[in-house]
Amino acid sequence: MPMNAYSYTLLILLIPLFSFLLIGLTGHKYKPIISGLIGTAGLLIVAVLSYMTAIKYFWTDHVEGTAYTSFKAFETTWLHLTDNLTINLGVLLDPISVMMLVVVSTVSLMVHIYSLGYMKGEKGFARFFAFLSLFSFSMLGLVLATNIFQMYIFWELVGVSSFLLIGFYYDKPSAVSASKKAFIVTRFADLGFLIGILMLSFTTQTFDFQTLVSSDGPALTHTGGAVFMGLSAMTWALTFIFIGGAGKSAMFPLHIWLPDAMEGPTPVSALIHAATMVVAGVYLVARLFPIYSIVAPDALTIVAWVGGLSSLFAAIIACTQNDIKRVLAYSTMSQIGYMMLALGVSGYGGHDGLGFMAGNFHLFTHAMFKALLFLGAGAIIHSVHSNDMREMGNLRKYLPITHITFLIGCITIAGIPPLSGFFSKDEILVAALHHNIYLFAIEFLVAGLTAFYMFRLYFNVFWGKERHYHHTPHESPLVMTIPLMVLAFGAIFAGFLPFSELVTSDGLPFEAHINYAVAVPSVLIALVGITVAFLMYRRTSAAPDKVASALGGFYRGAYHKFYIDEVYLFVTHKIIFRYISQPVAWFDRHIVDGTMNLIGNTIEKSSYLIKGFQSGKVQQYGYVFISGTILLVIIFVYLW
């Protein structure tokens, strides 16, 4: 495909950047709503360009039956390091980047529209939309990166944007703490990412994605090399790179920042922590998938098990939480675990690459239904001014649109056909079954838990006993409900996209079928989860308390998130701070600073003692000169 035919895609990056600068520099000069309209109009143009690119790339310019090509619509050299190693900035178009363009632009546009109503009257309205535009620019730059160093630059910009949006309510201590926690935890993970980049580029002498995944490139033709602890340099490089992805995607044990990040405004949760930023880790592994699969299968095994265990861990915790946004946060962690596992159990090419296709398919469908669920949660919170589901009940008669759209999201994430979640989840289970029966068993169990905790949330909020509300709950304005309806439409119909013909590990289409031996049991276990939730939470009863008591310590552990935060606090405060930081601080204060202070004090005292020699008195200088001369004469005569 001719590069210049897609040169307009550079505007997809420049428009949100321009919106950020315009709103950030001039937003205080006009009415707040103007800032919102500028940001929303910019994302509308970006969404139109993204959809136009997807249609043109996948259908108009593609020859049926051939592999989808990868090409750079724009590229310029930023830094020239060596003859072979340069850092370029540009726009790379291939199936996964074009797919992510649709995801990011769709969700971001819906969040912008929704925020016009949700954030109305908030102090810092213009600042909020400036940060949204900055995030959109950063995420789109990450998606379209032509090389891994450009991705790292935008990766860090995404982290900054997340910090700003989570801590939007900067006068609220919990929000400030949450933003710092997210920033610090992901920085530790990103150190691993940077180490991996340096190892990969040292081994291959390139940052360029096309060169890295080329069949005759330095990465895929790399053999042998340095071995440490039984693993090759390439395996270590890709493992370190995955650490960065695991941090951004909140995989265990780097997940602790995600639940706390719910302190940000709910639209932020939908944009960053449901559909876009948290899937950056999945996108990173998918971007380098040929190397993982062919050169470093051991690293891919790590990806699979981290994803599977994170998925189960988060699903169990989600069953016990009462804050609706935290339930959705752990749900997000669980679903991303699904995606990671799918990539980890995938081979390369054709049906062997089923997991790759399924993971990206679930990324696409999840973006629709999880953004829908988060924005629906925002509409609920907007109505009752509480996050606690125990303070809610029977809201279906007050919030009819929110109720129906939220129910669609719950059915979709539960994997009930023919909604989109069924198709993508089923393909992941099939891929897992063919690769590892234990990973399949984990995700099969997670399917039932997912249906249970989502309908536990649904029945608690929309059914059950009506609570005493401070004021009569009411449906959100159209500017908030229209995005819910659009995303509900996406959640229903996204599963009918012929994804196996669009996004595959080798670019070649293949035909995927429903495996009824997997699909039927997975639907049945989801129905079991829904039924249990119905019996326990449809009406107020003592059943939940009885189950909690029967589970005893296990329930308490899950409710307290298995005390992972406490473990981190113990390790940092009781071990690192006490036995490492305090001794280092003592050494710095007493040895380093003490040595410098001693030198300074010695010079000061010496200067005080000899300052009389610089008095400026001629008589004193003459006395010293004559005395010195006499002394020298005596010494000379004595020695002679």
# chains A, B, ... in the order shown; residues from 1 in each chain; ligands from 1
$ residues_around --residues "segment 380-392 of chain A" --least-positions-apart "6" --cutoff "6 Å" --atoms "only C-alpha atoms" --output "MDAnalysis selection string"
chainID A and resid 322:324 461 467 473:474
$ residues_around --residues "Thr9 of chain A" --least-positions-apart "2" --cutoff "10 Å" --atoms "only C-alpha atoms" --output "JSON, numbers by chain"
{"A": [4, 5, 6, 7, 11, 12, 13, 14, 46, 49, 50, 52, 53, 73, 74, 91, 92, 93, 144]}
$ residues_around --residues "Ser162 of chain A" --least-positions-apart "2" --cutoff "8 Å" --atoms "only C-alpha atoms" --output "PyMOL selection string"
chain A and resi 135+158-160+164-166+179+183+272
$ write_last_selection --atoms "N, CA and C atoms" --output "mmCIF file, in the first residue's frame"
data_model
loop_
_atom_site.group_PDB
_atom_site.id
_atom_site.type_symbol
_atom_site.label_atom_id
_atom_site.label_comp_id
_atom_site.auth_asym_id
_atom_site.auth_seq_id
_atom_site.Cartn_x
_atom_site.Cartn_y
_atom_site.Cartn_z
ATOM 1 N N PHE A 135 -3.853 12.378 27.633
ATOM 2 C CA PHE A 135 -3.860 10.925 27.698
ATOM 3 C C PHE A 135 -4.141 10.315 26.321
ATOM 4 N N VAL A 158 1.911 8.136 29.048
ATOM 5 C CA VAL A 158 0.668 7.547 29.526
ATOM 6 C C VAL A 158 0.690 7.475 31.050
ATOM 7 N N GLY A 159 1.843 7.112 31.615
ATOM 8 C CA GLY A 159 1.973 7.066 33.069
ATOM 9 C C GLY A 159 1.782 8.427 33.701
ATOM 10 N N VAL A 160 2.339 9.464 33.094
ATOM 11 C CA VAL A 160 2.151 10.829 33.602
ATOM 12 C C VAL A 160 0.678 11.230 33.515
ATOM 13 N N LEU A 164 -1.887 12.283 36.595
ATOM 14 C CA LEU A 164 -2.646 13.540 36.651
ATOM 15 C C LEU A 164 -4.148 13.301 36.786
ATOM 16 N N LEU A 165 -4.662 12.289 36.099
ATOM 17 C CA LEU A 165 -6.105 12.047 36.111
ATOM 18 C C LEU A 165 -6.558 11.340 37.382
ATOM 19 N N ILE A 166 -5.764 10.384 37.873
ATOM 20 C CA ILE A 166 -6.123 9.727 39.135
ATOM 21 C C ILE A 166 -6.115 10.747 40.265
ATOM 22 N N SER A 179 -2.757 8.328 43.303
ATOM 23 C CA SER A 179 -1.999 8.723 42.114
ATOM 24 C C SER A 179 -0.512 8.449 42.307
ATOM 25 N N PHE A 183 1.762 5.724 40.202
ATOM 26 C CA PHE A 183 2.947 6.213 39.513
ATOM 27 C C PHE A 183 4.188 5.445 39.951
ATOM 28 N N ILE A 272 -9.038 4.960 31.285
ATOM 29 C CA ILE A 272 -7.686 4.492 31.543
ATOM 30 C C ILE A 272 -7.670 3.076 32.081
#
$ closest_residue --among "A:Pro173, A:Thr40, A:Met110, A:Phe207" --to "Leu79 of chain A" --atoms "only C-alpha atoms"
A:Phe207
$ residues_around --residues "Asn360 of chain A" --least-positions-apart "5" --cutoff "9 Å" --atoms "only C-alpha atoms" --output "short mmCIF file (atom, residue, chain, number, x, y, z; two decimals) with N, CA and C atoms, in the first residue's frame"
data_model
loop_
_atom_site.label_atom_id
_atom_site.label_comp_id
_atom_site.auth_asym_id
_atom_site.auth_seq_id
_atom_site.Cartn_x
_atom_site.Cartn_y
_atom_site.Cartn_z
N ILE A 96 -2.86 -4.99 14.32
CA ILE A 96 -3.12 -4.71 15.74
C ILE A 96 -3.11 -3.21 16.04
N MET A 99 -6.48 -1.93 14.78
CA MET A 99 -7.52 -2.37 15.72
C MET A 99 -7.51 -1.52 16.98
N VAL A 282 -0.86 -5.88 27.23
CA VAL A 282 -1.29 -6.90 26.28
C VAL A 282 -0.82 -6.52 24.88
N TYR A 283 -0.99 -5.26 24.53
CA TYR A 283 -0.58 -4.77 23.21
C TYR A 283 0.93 -4.91 23.03
N ALA A 286 1.68 -8.49 22.30
CA ALA A 286 1.20 -8.78 20.95
C ALA A 286 2.10 -8.17 19.89
N MET A 339 -6.57 -12.17 28.65
CA MET A 339 -5.89 -11.79 27.41
C MET A 339 -4.43 -12.22 27.44
N ALA A 342 -4.18 -15.87 26.90
CA ALA A 342 -4.42 -16.23 25.50
C ALA A 342 -3.16 -16.06 24.67
N LEU A 343 -2.43 -14.96 24.87
CA LEU A 343 -1.18 -14.76 24.14
C LEU A 343 -0.16 -15.81 24.56
N GLY A 355 -4.72 -18.42 19.99
CA GLY A 355 -4.64 -17.65 21.22
C GLY A 355 -4.34 -16.18 20.96
N THR A 365 -13.46 -6.62 22.43
CA THR A 365 -14.82 -6.70 23.00
C THR A 365 -14.84 -6.17 24.43
N SER A 424 -15.34 -14.03 22.15
CA SER A 424 -13.91 -13.85 22.44
C SER A 424 -13.45 -14.74 23.58
N PHE A 499 -13.02 -11.65 13.24
CA PHE A 499 -11.72 -11.24 13.78
C PHE A 499 -10.59 -12.14 13.29
N VAL A 503 -7.21 -9.93 12.40
CA VAL A 503 -6.06 -9.82 13.30
C VAL A 503 -5.55 -11.21 13.63
N THR A 504 -4.43 -11.59 13.05
CA THR A 504 -3.84 -12.91 13.27
C THR A 504 -2.34 -12.76 13.53
#
$ residues_around --residues "Gly409 of chain A" --least-positions-apart "3" --cutoff "6 Å" --atoms "only C-alpha atoms" --output "list of chain:residue names"
A:Phe369, A:Leu373, A:Phe406, A:Thr412
$ residues_around --residues "Glu501 of chain A" --least-positions-apart "2" --cutoff "10 Å" --atoms "only C-alpha atoms" --output "PyMOL selection string"
chain A and resi 58+64-65+67-68+357+497-499+503-504+507-512
$ select_by_dssp --residues "segment 300-510 of chain A" --states "alpha helix (DSSP H)" --output "VMD selection string"
chain A and resid 300 to 318 324 to 344 354 to 384 400 to 414 420 to 435 437 to 462 478 to 493
$ atom_distance --atom1 "atom CA of Arg287 of chain A" --atom2 "atom CA of Phe209 of chain A"
7.8 Å
$ closest_residue --among "A:Met277, A:Ile197, A:Pro218, A:Ala250" --to "Leu140 of chain A" --atoms "only C-alpha atoms"
A:Met277
$ decode --residues "segment 549-562 of chain A" --atoms "all heavy atoms" --output "PDB file, in the first residue's frame"
ATOM      1  N   SER A 549     -19.533 -16.666  56.539  1.00  0.00           N
ATOM      2  CA  SER A 549     -19.145 -17.306  57.803  1.00  0.00           C
ATOM      3  C   SER A 549     -18.623 -18.718  57.557  1.00  0.00           C
ATOM      4  O   SER A 549     -17.649 -19.154  58.184  1.00  0.00           O
ATOM      5  CB  SER A 549     -20.344 -17.355  58.754  1.00  0.00           C
ATOM      6  OG  SER A 549     -20.782 -16.054  59.080  1.00  0.00           O
ATOM      7  N   ALA A 550     -19.254 -19.422  56.638  1.00  0.00           N
ATOM      8  CA  ALA A 550     -18.827 -20.793  56.339  1.00  0.00           C
ATOM      9  C   ALA A 550     -17.426 -20.814  55.740  1.00  0.00           C
ATOM     10  O   ALA A 550     -16.634 -21.731  56.012  1.00  0.00           O
ATOM     11  CB  ALA A 550     -19.827 -21.450  55.392  1.00  0.00           C
ATOM     12  N   LEU A 551     -17.109 -19.812  54.924  1.00  0.00           N
ATOM     13  CA  LEU A 551     -15.791 -19.760  54.292  1.00  0.00           C
ATOM     14  C   LEU A 551     -14.708 -19.275  55.249  1.00  0.00           C
ATOM     15  O   LEU A 551     -13.520 -19.462  54.991  1.00  0.00           O
ATOM     16  CB  LEU A 551     -15.836 -18.864  53.048  1.00  0.00           C
ATOM     17  CG  LEU A 551     -16.667 -19.404  51.875  1.00  0.00           C
ATOM     18  CD1 LEU A 551     -16.778 -18.360  50.775  1.00  0.00           C
ATOM     19  CD2 LEU A 551     -16.058 -20.689  51.323  1.00  0.00           C
ATOM     20  N   GLY A 552     -15.124 -18.613  56.326  1.00  0.00           N
ATOM     21  CA  GLY A 552     -14.209 -18.235  57.395  1.00  0.00           C
ATOM     22  C   GLY A 552     -13.030 -17.398  56.948  1.00  0.00           C
ATOM     23  O   GLY A 552     -13.178 -16.348  56.323  1.00  0.00           O
ATOM     24  N   GLY A 553     -11.818 -17.904  57.257  1.00  0.00           N
ATOM     25  CA  GLY A 553     -10.595 -17.149  56.979  1.00  0.00           C
ATOM     26  C   GLY A 553     -10.364 -16.890  55.504  1.00  0.00           C
ATOM     27  O   GLY A 553      -9.786 -15.867  55.139  1.00  0.00           O
ATOM     28  N   PHE A 554     -10.810 -17.802  54.650  1.00  0.00           N
ATOM     29  CA  PHE A 554     -10.627 -17.596  53.209  1.00  0.00           C
ATOM     30  C   PHE A 554     -11.405 -16.366  52.745  1.00  0.00           C
ATOM     31  O   PHE A 554     -10.889 -15.551  51.976  1.00  0.00           O
ATOM     32  CB  PHE A 554     -11.076 -18.823  52.429  1.00  0.00           C
ATOM     33  CG  PHE A 554     -10.872 -18.708  50.945  1.00  0.00           C
ATOM     34  CD1 PHE A 554      -9.614 -18.880  50.397  1.00  0.00           C
ATOM     35  CD2 PHE A 554     -11.927 -18.405  50.100  1.00  0.00           C
ATOM     36  CE1 PHE A 554      -9.409 -18.756  49.027  1.00  0.00           C
ATOM     37  CE2 PHE A 554     -11.743 -18.278  48.733  1.00  0.00           C
ATOM     38  CZ  PHE A 554     -10.471 -18.461  48.202  1.00  0.00           C
ATOM     39  N   TYR A 555     -12.651 -16.236  53.236  1.00  0.00           N
ATOM     40  CA  TYR A 555     -13.447 -15.068  52.858  1.00  0.00           C
ATOM     41  C   TYR A 555     -12.799 -13.792  53.381  1.00  0.00           C
ATOM     42  O   TYR A 555     -12.704 -12.799  52.649  1.00  0.00           O
ATOM     43  CB  TYR A 555     -14.871 -15.192  53.404  1.00  0.00           C
ATOM     44  CG  TYR A 555     -15.723 -13.972  53.110  1.00  0.00           C
ATOM     45  CD1 TYR A 555     -16.394 -13.847  51.908  1.00  0.00           C
ATOM     46  CD2 TYR A 555     -15.805 -12.919  54.028  1.00  0.00           C
ATOM     47  CE1 TYR A 555     -17.153 -12.722  51.619  1.00  0.00           C
ATOM     48  CE2 TYR A 555     -16.555 -11.790  53.755  1.00  0.00           C
ATOM     49  CZ  TYR A 555     -17.227 -11.698  52.557  1.00  0.00           C
ATOM     50  OH  TYR A 555     -17.965 -10.576  52.267  1.00  0.00           O
ATOM     51  N   ARG A 556     -12.356 -13.813  54.640  1.00  0.00           N
ATOM     52  CA  ARG A 556     -11.728 -12.615  55.207  1.00  0.00           C
ATOM     53  C   ARG A 556     -10.469 -12.246  54.432  1.00  0.00           C
ATOM     54  O   ARG A 556     -10.203 -11.067  54.187  1.00  0.00           O
ATOM     55  CB  ARG A 556     -11.399 -12.833  56.683  1.00  0.00           C
ATOM     56  CG  ARG A 556     -12.622 -12.870  57.586  1.00  0.00           C
ATOM     57  CD  ARG A 556     -12.223 -12.795  59.059  1.00  0.00           C
ATOM     58  NE  ARG A 556     -11.427 -13.959  59.461  1.00  0.00           N
ATOM     59  CZ  ARG A 556     -11.945 -15.109  59.870  1.00  0.00           C
ATOM     60  NH1 ARG A 556     -13.270 -15.252  59.928  1.00  0.00           N
ATOM     61  NH2 ARG A 556     -11.168 -16.109  60.225  1.00  0.00           N
ATOM     62  N   GLY A 557      -9.706 -13.271  54.032  1.00  0.00           N
ATOM     63  CA  GLY A 557      -8.516 -12.990  53.244  1.00  0.00           C
ATOM     64  C   GLY A 557      -8.860 -12.356  51.907  1.00  0.00           C
ATOM     65  O   GLY A 557      -8.231 -11.387  51.484  1.00  0.00           O
ATOM     66  N   ALA A 558      -9.880 -12.895  51.238  1.00  0.00           N
ATOM     67  CA  ALA A 558     -10.296 -12.332  49.945  1.00  0.00           C
ATOM     68  C   ALA A 558     -10.834 -10.921  50.116  1.00  0.00           C
ATOM     69  O   ALA A 558     -10.558 -10.031  49.304  1.00  0.00           O
ATOM     70  CB  ALA A 558     -11.341 -13.227  49.298  1.00  0.00           C
ATOM     71  N   TYR A 559     -11.617 -10.710  51.187  1.00  0.00           N
ATOM     72  CA  TYR A 559     -12.181  -9.377  51.438  1.00  0.00           C
ATOM     73  C   TYR A 559     -11.065  -8.341  51.650  1.00  0.00           C
ATOM     74  O   TYR A 559     -11.174  -7.196  51.223  1.00  0.00           O
ATOM     75  CB  TYR A 559     -13.099  -9.429  52.660  1.00  0.00           C
ATOM     76  CG  TYR A 559     -13.727  -8.103  52.999  1.00  0.00           C
ATOM     77  CD1 TYR A 559     -14.809  -7.610  52.261  1.00  0.00           C
ATOM     78  CD2 TYR A 559     -13.239  -7.321  54.041  1.00  0.00           C
ATOM     79  CE1 TYR A 559     -15.387  -6.382  52.560  1.00  0.00           C
ATOM     80  CE2 TYR A 559     -13.805  -6.094  54.350  1.00  0.00           C
ATOM     81  CZ  TYR A 559     -14.880  -5.632  53.603  1.00  0.00           C
ATOM     82  OH  TYR A 559     -15.445  -4.410  53.903  1.00  0.00           O
ATOM     83  N   HIS A 560      -9.999  -8.779  52.314  1.00  0.00           N
ATOM     84  CA  HIS A 560      -8.858  -7.883  52.563  1.00  0.00           C
ATOM     85  C   HIS A 560      -7.798  -8.001  51.468  1.00  0.00           C
ATOM     86  O   HIS A 560      -6.633  -7.662  51.693  1.00  0.00           O
ATOM     87  CB  HIS A 560      -8.257  -8.177  53.930  1.00  0.00           C
ATOM     88  CG  HIS A 560      -9.141  -7.798  55.082  1.00  0.00           C
ATOM     89  ND1 HIS A 560      -9.364  -6.495  55.459  1.00  0.00           N
ATOM     90  CD2 HIS A 560      -9.901  -8.559  55.928  1.00  0.00           C
ATOM     91  CE1 HIS A 560     -10.189  -6.453  56.489  1.00  0.00           C
ATOM     92  NE2 HIS A 560     -10.550  -7.694  56.790  1.00  0.00           N
ATOM     93  N   LYS A 561      -8.198  -8.493  50.314  1.00  0.00           N
ATOM     94  CA  LYS A 561      -7.345  -8.564  49.127  1.00  0.00           C
ATOM     95  C   LYS A 561      -6.096  -9.404  49.381  1.00  0.00           C
ATOM     96  O   LYS A 561      -5.032  -9.141  48.845  1.00  0.00           O
ATOM     97  CB  LYS A 561      -6.970  -7.152  48.652  1.00  0.00           C
ATOM     98  CG  LYS A 561      -8.173  -6.294  48.271  1.00  0.00           C
ATOM     99  CD  LYS A 561      -7.839  -4.847  48.153  1.00  0.00           C
ATOM    100  CE  LYS A 561      -7.669  -4.215  49.520  1.00  0.00           C
ATOM    101  NZ  LYS A 561      -7.518  -2.744  49.463  1.00  0.00           N
ATOM    102  N   PHE A 562      -6.289 -10.444  50.227  1.00  0.00           N
ATOM    103  CA  PHE A 562      -5.229 -11.378  50.597  1.00  0.00           C
ATOM    104  C   PHE A 562      -4.009 -10.665  51.175  1.00  0.00           C
ATOM    105  O   PHE A 562      -2.890 -11.175  51.098  1.00  0.00           O
ATOM    106  CB  PHE A 562      -4.844 -12.249  49.402  1.00  0.00           C
ATOM    107  CG  PHE A 562      -5.945 -13.198  48.990  1.00  0.00           C
ATOM    108  CD1 PHE A 562      -6.634 -12.994  47.799  1.00  0.00           C
ATOM    109  CD2 PHE A 562      -6.317 -14.263  49.793  1.00  0.00           C
ATOM    110  CE1 PHE A 562      -7.661 -13.852  47.426  1.00  0.00           C
ATOM    111  CE2 PHE A 562      -7.344 -15.116  49.416  1.00  0.00           C
ATOM    112  CZ  PHE A 562      -8.020 -14.917  48.240  1.00  0.00           C
TER     113      PHE A 562
END
